[in-house]
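The file run_32.txt contains compact mmCIF, C-alpha atoms and all ligand atoms:
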```
# COMPACT_ATOMS: atom_id res chain seq x y z
CA MET A 1 93.81 114.86 82.87
CA THR A 2 97.06 112.86 83.08
CA VAL A 3 96.56 109.14 83.68
CA LEU A 4 99.59 107.09 84.70
CA VAL A 5 99.17 103.39 83.93
CA ALA A 6 101.75 101.43 85.91
CA ASP A 7 100.79 97.88 84.88
CA SER A 8 99.76 96.08 81.72
CA VAL A 9 96.20 97.05 80.86
CA SER A 10 94.45 96.23 77.57
CA ASP A 11 95.21 98.46 74.58
CA ALA A 12 91.47 99.01 74.08
CA ALA A 13 91.27 100.50 77.57
CA LEU A 14 94.21 102.82 76.96
CA ASP A 15 92.70 103.90 73.62
CA ALA A 16 89.33 104.61 75.28
CA ILE A 17 91.01 106.84 77.88
CA ARG A 18 93.00 108.66 75.19
CA GLU A 19 89.84 109.11 73.11
CA GLY A 20 88.30 110.73 76.18
CA GLY A 21 90.90 113.47 75.70
CA HIS A 22 93.31 112.42 78.43
CA ASP A 23 97.09 112.05 78.40
CA VAL A 24 98.02 108.45 79.08
CA VAL A 25 101.51 107.70 80.37
CA GLU A 26 101.97 103.95 80.11
CA ASP A 27 104.85 102.20 81.87
CA PRO A 28 103.83 98.67 82.83
CA GLY A 29 107.04 97.87 84.73
CA LEU A 30 106.73 100.57 87.39
CA LYS A 31 107.06 99.53 91.01
CA GLY A 32 108.74 100.65 94.22
CA ASP A 33 111.04 103.66 93.80
CA ALA A 34 110.44 103.74 90.03
CA LEU A 35 106.72 104.19 90.65
CA VAL A 36 107.38 107.00 93.14
CA ASP A 37 109.73 108.69 90.62
CA ALA A 38 107.18 108.39 87.81
CA LEU A 39 104.42 109.83 90.01
CA ARG A 40 106.70 112.74 90.93
CA GLU A 41 107.65 113.34 87.30
CA HIS A 42 104.18 113.15 85.72
CA ASP A 43 102.06 114.25 88.71
CA PRO A 44 98.98 112.44 87.32
CA ALA A 45 95.39 112.95 88.47
CA VAL A 46 94.76 109.23 88.05
CA LEU A 47 96.95 106.19 88.67
CA VAL A 48 95.91 102.82 87.22
CA VAL A 49 97.55 99.68 88.66
CA ARG A 50 97.10 95.92 88.70
CA SER A 51 99.15 94.14 91.37
CA THR A 52 101.66 96.99 91.75
CA LYS A 53 101.81 98.14 95.36
CA VAL A 54 100.74 101.72 96.07
CA PRO A 55 102.11 102.68 99.50
CA ALA A 56 101.86 106.03 101.27
CA GLU A 57 105.08 107.34 99.69
CA ALA A 58 103.61 106.77 96.23
CA LEU A 59 100.47 108.70 97.22
CA ASP A 60 102.65 111.53 98.51
CA ALA A 61 104.72 111.73 95.33
CA ALA A 62 101.94 113.20 93.17
CA PRO A 63 100.26 116.28 94.68
CA SER A 64 97.61 116.24 91.90
CA LEU A 65 96.62 112.62 92.48
CA GLU A 66 92.82 112.29 92.85
CA LEU A 67 92.06 108.67 92.01
CA VAL A 68 93.80 105.28 92.12
CA VAL A 69 92.11 102.61 90.01
CA ARG A 70 92.87 98.99 90.85
CA ALA A 71 92.47 97.14 87.55
CA GLY A 72 91.43 94.03 89.45
CA ALA A 73 89.51 93.00 92.56
CA GLY A 74 91.73 92.99 95.67
CA VAL A 75 92.71 96.43 97.00
CA ASP A 76 95.06 95.07 99.69
CA THR A 77 97.98 96.23 97.52
CA ILE A 78 96.94 99.86 97.95
CA ASP A 79 97.24 101.96 101.10
CA VAL A 80 93.49 102.62 101.11
CA ALA A 81 93.49 104.21 104.56
CA GLY A 82 96.35 106.49 103.47
CA ALA A 83 94.44 107.42 100.33
CA SER A 84 91.38 108.28 102.43
CA THR A 85 93.32 110.61 104.72
CA ARG A 86 94.74 112.36 101.65
CA GLY A 87 91.30 112.73 100.00
CA VAL A 88 92.27 110.38 97.16
CA PHE A 89 89.61 108.03 95.78
CA VAL A 90 90.37 104.33 95.36
CA ALA A 91 88.23 102.24 93.02
CA ASN A 92 88.42 98.67 91.77
CA CYS A 93 86.81 96.56 89.04
CA PRO A 94 84.64 94.15 91.02
CA GLY A 95 83.63 90.85 89.49
CA LYS A 96 85.32 91.43 86.15
CA ASN A 97 87.94 88.72 86.64
CA ALA A 98 85.78 86.41 88.78
CA ALA A 99 85.07 83.81 86.09
CA ALA A 100 88.76 83.60 85.22
CA VAL A 101 89.76 83.01 88.85
CA ALA A 102 87.01 80.41 89.34
CA GLU A 103 88.24 78.60 86.22
CA LEU A 104 91.75 78.42 87.68
CA ALA A 105 90.51 77.43 91.14
CA PHE A 106 88.47 74.61 89.64
CA GLY A 107 91.43 73.61 87.52
CA LEU A 108 93.52 73.36 90.69
CA LEU A 109 90.86 71.30 92.48
CA LEU A 110 90.78 68.84 89.58
CA ALA A 111 94.57 68.91 89.34
CA LEU A 112 94.82 67.98 93.02
CA ASP A 113 92.36 65.13 92.61
CA ARG A 114 94.05 63.65 89.52
CA ARG A 115 97.60 64.91 90.20
CA ILE A 116 97.65 66.25 86.66
CA PRO A 117 100.88 68.30 87.06
CA ASP A 118 102.74 65.26 88.46
CA ASN A 119 101.50 63.13 85.54
CA VAL A 120 102.89 65.73 83.15
CA ILE A 121 106.20 66.13 84.99
CA ALA A 122 106.73 62.35 84.95
CA ALA A 123 105.95 62.09 81.23
CA ARG A 124 108.33 64.96 80.48
CA ALA A 125 110.99 63.18 82.50
CA GLY A 126 110.51 60.11 80.29
CA ARG A 127 108.63 58.10 82.93
CA TRP A 128 105.36 56.18 82.38
CA ASP A 129 103.50 55.51 85.64
CA LYS A 130 99.91 54.45 85.00
CA LYS A 131 100.15 52.34 88.14
CA GLY A 132 101.29 55.21 90.38
CA PHE A 133 98.77 57.72 89.05
CA ALA A 134 95.84 55.32 88.67
CA SER A 135 94.02 56.16 91.89
CA ALA A 136 92.00 59.32 92.48
CA ARG A 137 88.96 60.05 94.61
CA GLY A 138 86.89 61.81 91.94
CA VAL A 139 84.95 64.99 92.67
CA ARG A 140 81.34 64.07 91.82
CA GLY A 141 79.35 63.82 95.04
CA ARG A 142 82.24 65.25 97.10
CA THR A 143 81.41 68.34 99.11
CA LEU A 144 83.06 71.58 98.08
CA GLY A 145 83.57 74.10 100.87
CA LEU A 146 83.75 77.77 99.97
CA LEU A 147 85.07 80.55 102.20
CA GLY A 148 83.74 83.85 100.86
CA MET A 149 80.72 84.12 98.61
CA GLY A 150 81.62 87.29 96.74
CA SER A 151 81.96 87.35 92.97
CA ILE A 152 84.43 84.47 92.76
CA GLY A 153 82.76 82.32 95.42
CA ARG A 154 79.50 82.58 93.48
CA GLU A 155 81.20 81.59 90.23
CA MET A 156 82.63 78.58 92.08
CA ALA A 157 79.19 77.51 93.31
CA GLU A 158 77.88 77.58 89.74
CA ARG A 159 80.76 75.42 88.49
CA ALA A 160 80.41 73.00 91.41
CA ARG A 161 76.84 72.26 90.29
CA ALA A 162 78.10 71.24 86.87
CA PHE A 163 80.55 68.83 88.53
CA GLY A 164 77.87 67.33 90.75
CA MET A 165 79.45 68.69 93.94
CA PRO A 166 77.24 69.82 96.83
CA VAL A 167 78.51 73.12 98.25
CA VAL A 168 78.78 74.24 101.85
CA ALA A 169 79.67 77.92 102.14
CA TRP A 170 80.62 80.45 104.78
CA SER A 171 80.60 84.14 104.09
CA ARG A 172 80.27 86.90 106.67
CA SER A 173 77.00 88.26 105.30
CA LEU A 174 75.52 85.17 103.64
CA THR A 175 71.89 84.69 104.66
CA ASP A 176 69.82 81.51 104.43
CA ASP A 177 67.82 83.11 101.62
CA ASP A 178 71.02 83.97 99.70
CA ALA A 179 72.31 80.45 100.24
CA ARG A 180 69.06 78.92 98.97
CA ALA A 181 69.11 81.16 95.89
CA LEU A 182 72.72 80.14 95.20
CA GLY A 183 71.97 76.44 95.76
CA VAL A 184 74.47 76.11 98.62
CA THR A 185 74.24 75.12 102.27
CA ARG A 186 75.13 77.98 104.58
CA ALA A 187 77.68 77.25 107.31
CA ASP A 188 77.68 79.29 110.51
CA THR A 189 81.47 79.37 110.81
CA PRO A 190 84.55 78.63 108.72
CA LEU A 191 85.19 75.62 110.98
CA ASP A 192 81.81 74.18 109.99
CA VAL A 193 82.97 74.36 106.38
CA ALA A 194 86.20 72.57 107.28
CA ARG A 195 84.32 69.77 109.03
CA GLN A 196 81.88 69.14 106.18
CA ALA A 197 83.99 69.62 103.05
CA ASP A 198 86.19 67.21 101.12
CA MET A 199 87.71 70.10 99.19
CA VAL A 200 87.86 73.77 100.19
CA SER A 201 88.45 76.82 98.02
CA VAL A 202 89.24 80.19 99.59
CA HIS A 203 87.73 83.43 98.21
CA VAL A 204 87.73 86.06 100.94
CA ALA A 205 89.46 89.41 100.62
CA SER A 206 92.68 89.91 102.55
CA THR A 207 91.93 92.06 105.60
CA PRO A 208 93.18 92.03 109.19
CA GLU A 209 90.06 90.00 110.07
CA THR A 210 90.67 87.31 107.45
CA ARG A 211 94.39 86.86 108.18
CA HIS A 212 94.98 83.13 108.76
CA LEU A 213 91.28 82.37 108.45
CA VAL A 214 92.61 78.98 107.41
CA ASP A 215 94.78 78.11 110.39
CA ALA A 216 95.93 74.98 112.19
CA ASP A 217 92.47 74.48 113.79
CA PHE A 218 90.76 74.79 110.42
CA LEU A 219 93.14 72.28 108.83
CA GLU A 220 92.75 69.90 111.78
CA ALA A 221 88.97 69.99 111.31
CA MET A 222 89.25 68.99 107.62
CA PRO A 223 89.07 65.27 106.85
CA GLU A 224 92.35 63.36 106.29
CA GLY A 225 93.54 63.75 102.71
CA ALA A 226 91.28 66.74 102.01
CA ALA A 227 92.19 69.29 99.35
CA LEU A 228 92.63 73.03 99.79
CA VAL A 229 92.93 75.67 97.09
CA ASN A 230 93.88 79.29 97.70
CA THR A 231 93.46 81.78 94.87
CA ALA A 232 92.65 84.68 97.24
CA ARG A 233 95.73 86.00 99.04
CA ALA A 234 98.66 84.33 100.82
CA ASP A 235 97.94 85.75 104.26
CA VAL A 236 94.42 84.30 104.40
CA VAL A 237 96.04 80.87 104.80
CA ASP A 238 98.65 79.99 107.43
CA GLU A 239 101.16 78.35 105.12
CA ALA A 240 103.29 76.98 107.99
CA ALA A 241 100.21 75.15 109.28
CA VAL A 242 99.52 73.94 105.72
CA ALA A 243 103.05 72.52 105.50
CA ARG A 244 102.45 70.57 108.74
CA ALA A 245 99.04 69.32 107.57
CA VAL A 246 100.55 68.17 104.27
CA ASP A 247 103.02 66.03 106.26
CA THR A 248 100.76 64.79 109.02
CA ARG A 249 97.26 64.65 107.53
CA GLY A 250 97.87 64.12 103.84
CA LEU A 251 96.46 67.55 102.98
CA ARG A 252 96.65 68.32 99.26
CA TYR A 253 97.32 72.01 98.65
CA ALA A 254 97.36 74.31 95.65
CA THR A 255 97.86 78.06 95.64
CA ASP A 256 97.98 80.82 93.06
CA VAL A 257 99.10 83.31 95.68
CA PRO A 258 102.12 81.89 97.54
CA ALA A 259 103.60 83.82 100.45
CA GLY A 260 106.59 85.88 99.37
CA GLU A 261 105.27 86.15 95.83
CA PRO A 262 107.91 88.06 93.81
CA ALA A 263 106.99 91.61 92.83
CA ALA A 264 108.77 91.17 89.49
CA LYS A 265 106.89 89.37 86.73
CA GLN A 266 109.81 87.06 86.02
CA GLY A 267 112.76 85.91 88.11
CA ASP A 268 113.93 83.35 90.63
CA PHE A 269 111.41 81.72 92.91
CA GLU A 270 111.80 79.58 95.98
CA HIS A 271 109.05 78.41 98.28
CA PRO A 272 108.98 75.86 101.08
CA LEU A 273 105.88 74.23 99.54
CA ALA A 274 107.12 74.25 95.94
CA ASP A 275 107.51 70.45 95.90
CA ALA A 276 104.58 69.51 98.11
CA ALA A 277 101.94 71.83 96.64
CA TYR A 278 100.82 72.95 93.21
CA ILE A 279 101.84 76.57 92.90
CA THR A 280 100.69 78.72 90.00
CA HIS A 281 102.11 82.15 89.33
CA HIS A 282 99.32 84.51 90.44
CA VAL A 283 97.64 84.07 87.08
CA GLY A 284 94.06 83.66 88.26
CA ALA A 285 92.99 86.83 86.50
CA SER A 286 95.22 86.33 83.49
CA THR A 287 92.89 85.29 80.71
CA ASP A 288 92.27 87.39 77.62
CA GLN A 289 88.61 87.66 78.58
CA ALA A 290 89.37 88.91 82.08
CA THR A 291 92.06 91.32 80.90
CA GLU A 292 89.62 92.77 78.38
CA ALA A 293 86.76 93.05 80.89
CA ILE A 294 89.05 94.56 83.55
CA GLY A 295 90.48 97.04 81.05
CA GLN A 296 87.02 98.15 79.94
CA GLU A 297 85.91 98.63 83.52
CA ALA A 298 89.07 100.53 84.50
CA ALA A 299 88.55 102.85 81.52
CA ARG A 300 84.89 103.30 82.47
CA VAL A 301 85.89 104.33 86.00
CA VAL A 302 88.46 106.85 84.73
CA LEU A 303 86.12 108.36 82.13
CA ALA A 304 83.12 108.52 84.47
CA TYR A 305 85.25 110.29 87.06
CA ALA A 306 86.57 112.75 84.49
CA GLU A 307 83.09 113.52 83.20
CA THR A 308 81.02 113.56 86.40
CA GLY A 309 83.41 113.77 89.34
CA ARG A 310 81.75 110.63 90.66
CA VAL A 311 83.76 107.43 91.14
CA PRO A 312 82.14 104.13 90.17
CA ASN A 313 83.20 101.23 92.44
CA SER A 314 84.80 103.52 95.00
CA VAL A 315 86.05 101.47 97.96
CA ASN A 316 86.91 104.34 100.31
CA LEU A 317 83.83 106.52 100.49
CA ALA A 318 81.99 106.29 103.80
CA ASP A 319 78.76 104.27 103.41
CA GLN A 320 77.37 106.24 106.23
CA THR A 321 78.66 109.61 107.34
CA ALA A 322 78.36 111.11 110.81
CA ALA A 323 75.56 113.42 109.62
CA THR A 324 72.83 113.89 112.18
CA HIS A 325 70.68 116.47 110.35
CA LEU A 326 69.65 117.53 106.85
CA LEU A 327 69.43 121.21 105.97
CA THR A 328 67.36 121.87 102.83
CA VAL A 329 67.59 125.33 101.31
CA ARG A 330 65.44 126.41 98.37
CA HIS A 331 66.96 129.46 96.75
CA LEU A 332 67.23 131.52 93.61
CA ASP A 333 70.10 130.38 91.43
CA ARG A 334 72.33 133.41 92.01
CA VAL A 335 76.01 133.96 92.71
CA GLY A 336 76.96 133.86 96.39
CA VAL A 337 73.78 132.38 97.89
CA LEU A 338 75.46 129.17 98.99
CA ALA A 339 78.46 131.08 100.31
CA GLY A 340 76.06 133.07 102.51
CA VAL A 341 74.34 129.90 103.72
CA LEU A 342 77.65 128.15 104.46
CA ALA A 343 78.89 131.17 106.41
CA VAL A 344 75.96 130.70 108.81
CA VAL A 345 76.58 126.93 108.89
CA ARG A 346 80.18 127.58 109.91
CA GLU A 347 79.23 130.04 112.62
CA ALA A 348 76.67 127.57 113.97
CA GLY A 349 79.47 124.96 114.27
CA TRP A 350 77.70 122.50 112.00
CA ASN A 351 80.18 120.08 110.39
CA VAL A 352 79.17 119.51 106.74
CA GLN A 353 79.28 115.81 105.83
CA GLU A 354 77.54 115.73 102.44
CA MET A 355 76.32 118.47 100.15
CA GLU A 356 74.52 118.79 96.80
CA ASN A 357 72.85 121.56 94.85
CA LEU A 358 70.20 120.70 92.26
CA VAL A 359 69.01 123.29 89.73
CA PHE A 360 65.41 123.26 88.50
CA THR A 361 64.60 123.26 84.78
CA GLY A 362 64.91 126.75 83.42
CA GLY A 363 67.64 127.55 85.92
CA GLY A 364 65.65 130.06 87.98
CA ALA A 365 65.76 128.23 91.28
CA ALA A 366 67.74 125.52 93.00
CA VAL A 367 67.65 123.38 96.09
CA ALA A 368 70.71 122.75 98.23
CA ARG A 369 70.89 119.79 100.58
CA VAL A 370 73.48 119.87 103.30
CA ARG A 371 73.85 116.93 105.66
CA PHE A 372 75.66 118.00 108.76
CA ASP A 373 76.77 116.83 112.14
CA GLY A 374 75.84 119.31 114.87
CA ALA A 375 73.13 120.70 117.12
CA PRO A 376 70.40 122.45 115.10
CA SER A 377 69.31 125.87 116.29
CA ASP A 378 66.25 127.97 115.41
CA GLU A 379 68.42 131.05 115.47
CA ALA A 380 70.87 129.70 112.83
CA LEU A 381 67.96 128.55 110.69
CA ALA A 382 66.35 131.97 110.89
CA ARG A 383 69.61 133.59 109.77
CA ILE A 384 69.84 131.18 106.80
CA ARG A 385 66.30 132.19 105.79
CA GLU A 386 67.47 135.81 105.82
CA VAL A 387 70.36 135.21 103.39
CA GLU A 388 69.63 137.13 100.21
CA HIS A 389 67.78 135.03 97.54
CA VAL A 390 66.98 132.19 99.96
CA LEU A 391 63.32 131.18 99.48
CA ASN A 392 62.99 128.73 102.34
CA ALA A 393 65.09 126.57 104.66
CA THR A 394 64.32 123.60 106.89
CA VAL A 395 66.30 121.26 109.14
CA ILE A 396 65.31 117.71 109.99
CA ALA A 397 67.05 114.95 111.93
CA VAL A 398 68.36 112.07 109.77
N1 LIG A 401 94.41 84.98 92.06
C1 LIG A 401 94.02 86.06 91.42
O1 LIG A 401 94.52 86.43 90.38
C2 LIG A 401 92.90 86.86 91.99
C3 LIG A 401 92.07 87.58 91.12
C4 LIG A 401 90.98 88.27 91.66
C5 LIG A 401 90.78 88.29 93.03
N2 LIG A 401 91.65 87.63 93.83
C6 LIG A 401 91.44 87.65 95.29
O2 LIG A 401 90.18 87.07 95.58
C7 LIG A 401 89.50 87.90 96.51
C8 LIG A 401 88.00 87.76 96.30
O3 LIG A 401 87.65 88.30 95.05
P1 LIG A 401 86.13 88.60 94.67
O4 LIG A 401 86.14 89.14 93.28
O5 LIG A 401 85.28 87.43 94.99
O6 LIG A 401 85.83 89.79 95.69
P2 LIG A 401 84.45 90.17 96.38
O7 LIG A 401 84.68 91.54 96.93
O8 LIG A 401 83.33 89.95 95.46
O9 LIG A 401 84.34 89.15 97.58
C9 LIG A 401 85.14 89.31 98.72
C10 LIG A 401 84.72 88.31 99.78
O10 LIG A 401 85.53 88.57 100.93
C11 LIG A 401 84.68 88.70 102.05
N3 LIG A 401 85.25 89.63 103.02
C12 LIG A 401 85.71 90.89 102.81
N4 LIG A 401 86.14 91.44 103.96
C13 LIG A 401 85.94 90.49 104.91
C14 LIG A 401 86.16 90.45 106.31
N5 LIG A 401 86.68 91.50 106.95
N6 LIG A 401 85.83 89.33 106.98
C15 LIG A 401 85.30 88.26 106.33
N7 LIG A 401 85.06 88.23 105.01
C16 LIG A 401 85.38 89.34 104.32
C17 LIG A 401 83.38 89.27 101.51
O11 LIG A 401 82.31 89.02 102.39
C18 LIG A 401 83.27 88.47 100.20
O12 LIG A 401 82.73 87.21 100.46
C19 LIG A 401 90.02 89.30 96.23
O13 LIG A 401 89.90 90.14 97.36
C20 LIG A 401 91.46 89.07 95.86
O14 LIG A 401 92.26 89.10 97.01
C21 LIG A 401 92.69 86.92 93.36
O1 LIG A 402 96.12 91.80 88.14
C1 LIG A 402 96.39 90.62 88.34
O2 LIG A 402 96.99 89.91 87.55
C2 LIG A 402 95.94 89.95 89.63
C3 LIG A 402 94.67 90.54 90.11
C4 LIG A 402 94.11 89.90 91.33
O3 LIG A 402 95.00 89.59 92.31
C5 LIG A 402 92.96 90.75 91.84
O4 LIG A 402 92.85 90.94 93.06
O5 LIG A 402 92.14 91.16 91.00
```
Turn this file's structure into structure tokens for me.
Ligand SMILES: NC(=O)c1ccc[n+]([C@@H]2O[C@H](COP(=O)([O-])OP(=O)(O)OC[C@H]3O[C@@H](n4cnc5c(N)ncnc54)[C@H](O)[C@@H]3O)[C@@H](O)[C@H]2O)c1
Ligand SMILES: O=C(O)CC[C@@H](O)C(=O)O
Amino acid sequence: MTVLVADSVSDAALDAIREGGHDVVEDPGLKGDALVDALREHDPAVLVVRSTKVPAEALDAAPSLELVVRAGAGVDTIDVAGASTRGVFVANCPGKNAAAVAELAFGLLLALDRRIPDNVIAARAGRWDKKGFASARGVRGRTLGLLGMGSIGREMAERARAFGMPVVAWSRSLTDDDARALGVTRADTPLDVARQADMVSVHVASTPETRHLVDADFLEAMPEGAALVNTARADVVDEAAVARAVDTRGLRYATDVPAGEPAAKQGDFEHPLADAAYITHHVGASTDQATEAIGQEAARVVLAYAETGRVPNSVNLADQTAATHLLTVRHLDRVGVLAGVLAVVREAGWNVQEMENLVFTGGGAAVARVRFDGAPSDEALARIREVEHVLNATVIAV
């Protein structure tokens, strides 16, 4: 299998994939047209990326492409819907960089409280200002609000405990039992978090539903002088509203994911909040530990897919198909039996949604399970039972 790696991934991961017998083409600088050209040239079965965008034209460039692995958490950089319509799997590496991101997010919260970057900038400029930097609120006993209690949100809750910060959290599927187990107070809505928290950290995925989850109303509901940290994605926070809240309500803001983040790893950067906020360079996941863990997981996904055809951490397989019925066929393990069964299935107009064939020890017999969407008929079932080497067949509603 050819594996094109378009971003920097750990050497250990690349070695593991090579040791699995696969050709690795590594070009960490690929993006845009260069990525499309490389996909066309190498026609890989697997593409591994970090933040590199994978749009529809990239998916179209490699007819052999079967799997895109996001060596990270967020898959908003990949045209997942486009991959689904082309029958291409997309997988990610969930949780593997969560500790690293939580470390940065907490660093930013503390930096906002103590104005650490401004202290450093002043010292570097040859200015001593103990008077100017002497006041801070402190975080112990302050309430931390969390939006999103996935892998990173949970890591944040753990760290908040160590800092003596009560946590109020909103997450779309957080239950009271989950909240109790995590030692946090569950909020019914994001606005409830805004009202109760002194500092808020954002950890939801970027989706159409989470766009501007932090908007003008959210910022208005936060107390004067509150702090907000965004290490999730730019579009989850309305940055124009943030700029206004910085001016009018003394909001303190830090982000690792500024809007208009450059695609290139180095270059010029301008941002309307560059002076008013603390902006880091999308480095939440960039610790050695996270890079190693992400690399290992990306390699595991590639190797598991190559060996089993199954995709760990797939993000675009339907949780629930449209299947209405399950056809179970016990049969002798002979050539052509399933073809005969499927011919009847086709004539009956049953739309196959899921299918598996398990062989019994010794290899004499097998059982096929076909989940389909369609109206069952006794006549079709009788014809399946008549297919040569079929032992028995049943249909039940699922
Ligand atoms: N700054 C960085 O370097 C960096 C690194 C890793 C992840 N991230 C970002 O942080 C995000 C969270 O990472 P994670 O590892 O915790 O992911 P996760 O999948 O474990 O958690 C995602 C959270 O988003 C919520 N969510 C997803 N879709 C939603 C929707 N439609 N409406 C409301 N909530 C929704 C989920 O409920 C969950 O709470 C990632 O999606 C990514 O964008 C940034
Ligand atoms: O790969 C990176 O450096 C960033 C990854 C991060 O945004 C993610 O969603 O995992």
Dump as JSON lines the rows for residues of chain A within 6 Å of ligand LIG 401 (chain A): closest atom pair and distance in Å with one decimal, only C-alpha atoms and all ligand atoms counted, ordered by chain and rising residue number.
```
{"residue": "A:Ala73", "atom": "CA", "partner": "A:LIG401", "partner_atom": "C5", "distance": 4.9}
{"residue": "A:Gly74", "atom": "CA", "partner": "A:LIG401", "partner_atom": "O13", "distance": 3.8}
{"residue": "A:Pro94", "atom": "CA", "partner": "A:LIG401", "partner_atom": "O4", "distance": 5.7}
{"residue": "A:Gly95", "atom": "CA", "partner": "A:LIG401", "partner_atom": "O4", "distance": 4.9}
{"residue": "A:Asn97", "atom": "CA", "partner": "A:LIG401", "partner_atom": "C4", "distance": 5.9}
{"residue": "A:Ala98", "atom": "CA", "partner": "A:LIG401", "partner_atom": "O4", "distance": 5.3}
{"residue": "A:Val101", "atom": "CA", "partner": "A:LIG401", "partner_atom": "C3", "distance": 5.6}
{"residue": "A:Gly148", "atom": "CA", "partner": "A:LIG401", "partner_atom": "O12", "distance": 3.5}
{"residue": "A:Met149", "atom": "CA", "partner": "A:LIG401", "partner_atom": "O12", "distance": 4.1}
{"residue": "A:Gly150", "atom": "CA", "partner": "A:LIG401", "partner_atom": "O9", "distance": 3.4}
{"residue": "A:Ser151", "atom": "CA", "partner": "A:LIG401", "partner_atom": "O8", "distance": 3.9}
{"residue": "A:Ile152", "atom": "CA", "partner": "A:LIG401", "partner_atom": "O5", "distance": 3.8}
{"residue": "A:Gly153", "atom": "CA", "partner": "A:LIG401", "partner_atom": "O5", "distance": 5.7}
{"residue": "A:Ser171", "atom": "CA", "partner": "A:LIG401", "partner_atom": "O12", "distance": 5.2}
{"residue": "A:Arg172", "atom": "CA", "partner": "A:LIG401", "partner_atom": "O11", "distance": 5.2}
{"residue": "A:His203", "atom": "CA", "partner": "A:LIG401", "partner_atom": "C8", "distance": 4.7}
{"residue": "A:Val204", "atom": "CA", "partner": "A:LIG401", "partner_atom": "O10", "distance": 3.3}
{"residue": "A:Ala205", "atom": "CA", "partner": "A:LIG401", "partner_atom": "O13", "distance": 3.4}
{"residue": "A:Ser206", "atom": "CA", "partner": "A:LIG401", "partner_atom": "O14", "distance": 5.6}
{"residue": "A:Thr207", "atom": "CA", "partner": "A:LIG401", "partner_atom": "N5", "distance": 5.4}
{"residue": "A:Glu209", "atom": "CA", "partner": "A:LIG401", "partner_atom": "N5", "distance": 4.8}
{"residue": "A:Thr210", "atom": "CA", "partner": "A:LIG401", "partner_atom": "N6", "distance": 5.3}
{"residue": "A:Thr231", "atom": "CA", "partner": "A:LIG401", "partner_atom": "N1", "distance": 4.4}
{"residue": "A:Ala232", "atom": "CA", "partner": "A:LIG401", "partner_atom": "C6", "distance": 3.8}
{"residue": "A:Arg233", "atom": "CA", "partner": "A:LIG401", "partner_atom": "O14", "distance": 5.1}
{"residue": "A:Asp256", "atom": "CA", "partner": "A:LIG401", "partner_atom": "N1", "distance": 5.6}
{"residue": "A:His282", "atom": "CA", "partner": "A:LIG401", "partner_atom": "O1", "distance": 5.2}
{"residue": "A:Val283", "atom": "CA", "partner": "A:LIG401", "partner_atom": "O1", "distance": 5.1}
{"residue": "A:Gly284", "atom": "CA", "partner": "A:LIG401", "partner_atom": "O1", "distance": 3.5}
{"residue": "A:Ala285", "atom": "CA", "partner": "A:LIG401", "partner_atom": "O1", "distance": 4.2}
```
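Candidate residues A:Leu35, A:Arg371, A:Ala304, A:Val49 were compared for distance to Arg70 of chain A, and the nearest is A:Val49, using only C-alpha atoms.
Coordinates place atom CA of Met165 of chain A at a distance of 5.0 Å from atom CA of Gly141 of chain A.
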Exercise. Which value, in Å to one decimal, gives the distance between atom CA of Arg142 of chain A and atom CA of Val257 of chain A?
Worked result: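 According to the coordinates, atom CA of Arg142 of chain A and atom CA of Val257 of chain A are separated by 24.7 Å.
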For this session: Please identify all polymer residues lying at most 12 Å from the point (90.8, 68.5, 106.1) (file coordinates), using only C-alpha atoms, and present the result as a VMD selection string.
Result: chain A and resid 143 to 145 191 to 201 214 to 229 241 to 242 245 to 246 248 to 253
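Residue nearest Leu391 of chain A within the list A:Asp76, A:Asp333, A:Glu347, A:Glu19: A:Asp333 [criterion: smallest interatomic distance, all atoms listed in the file].
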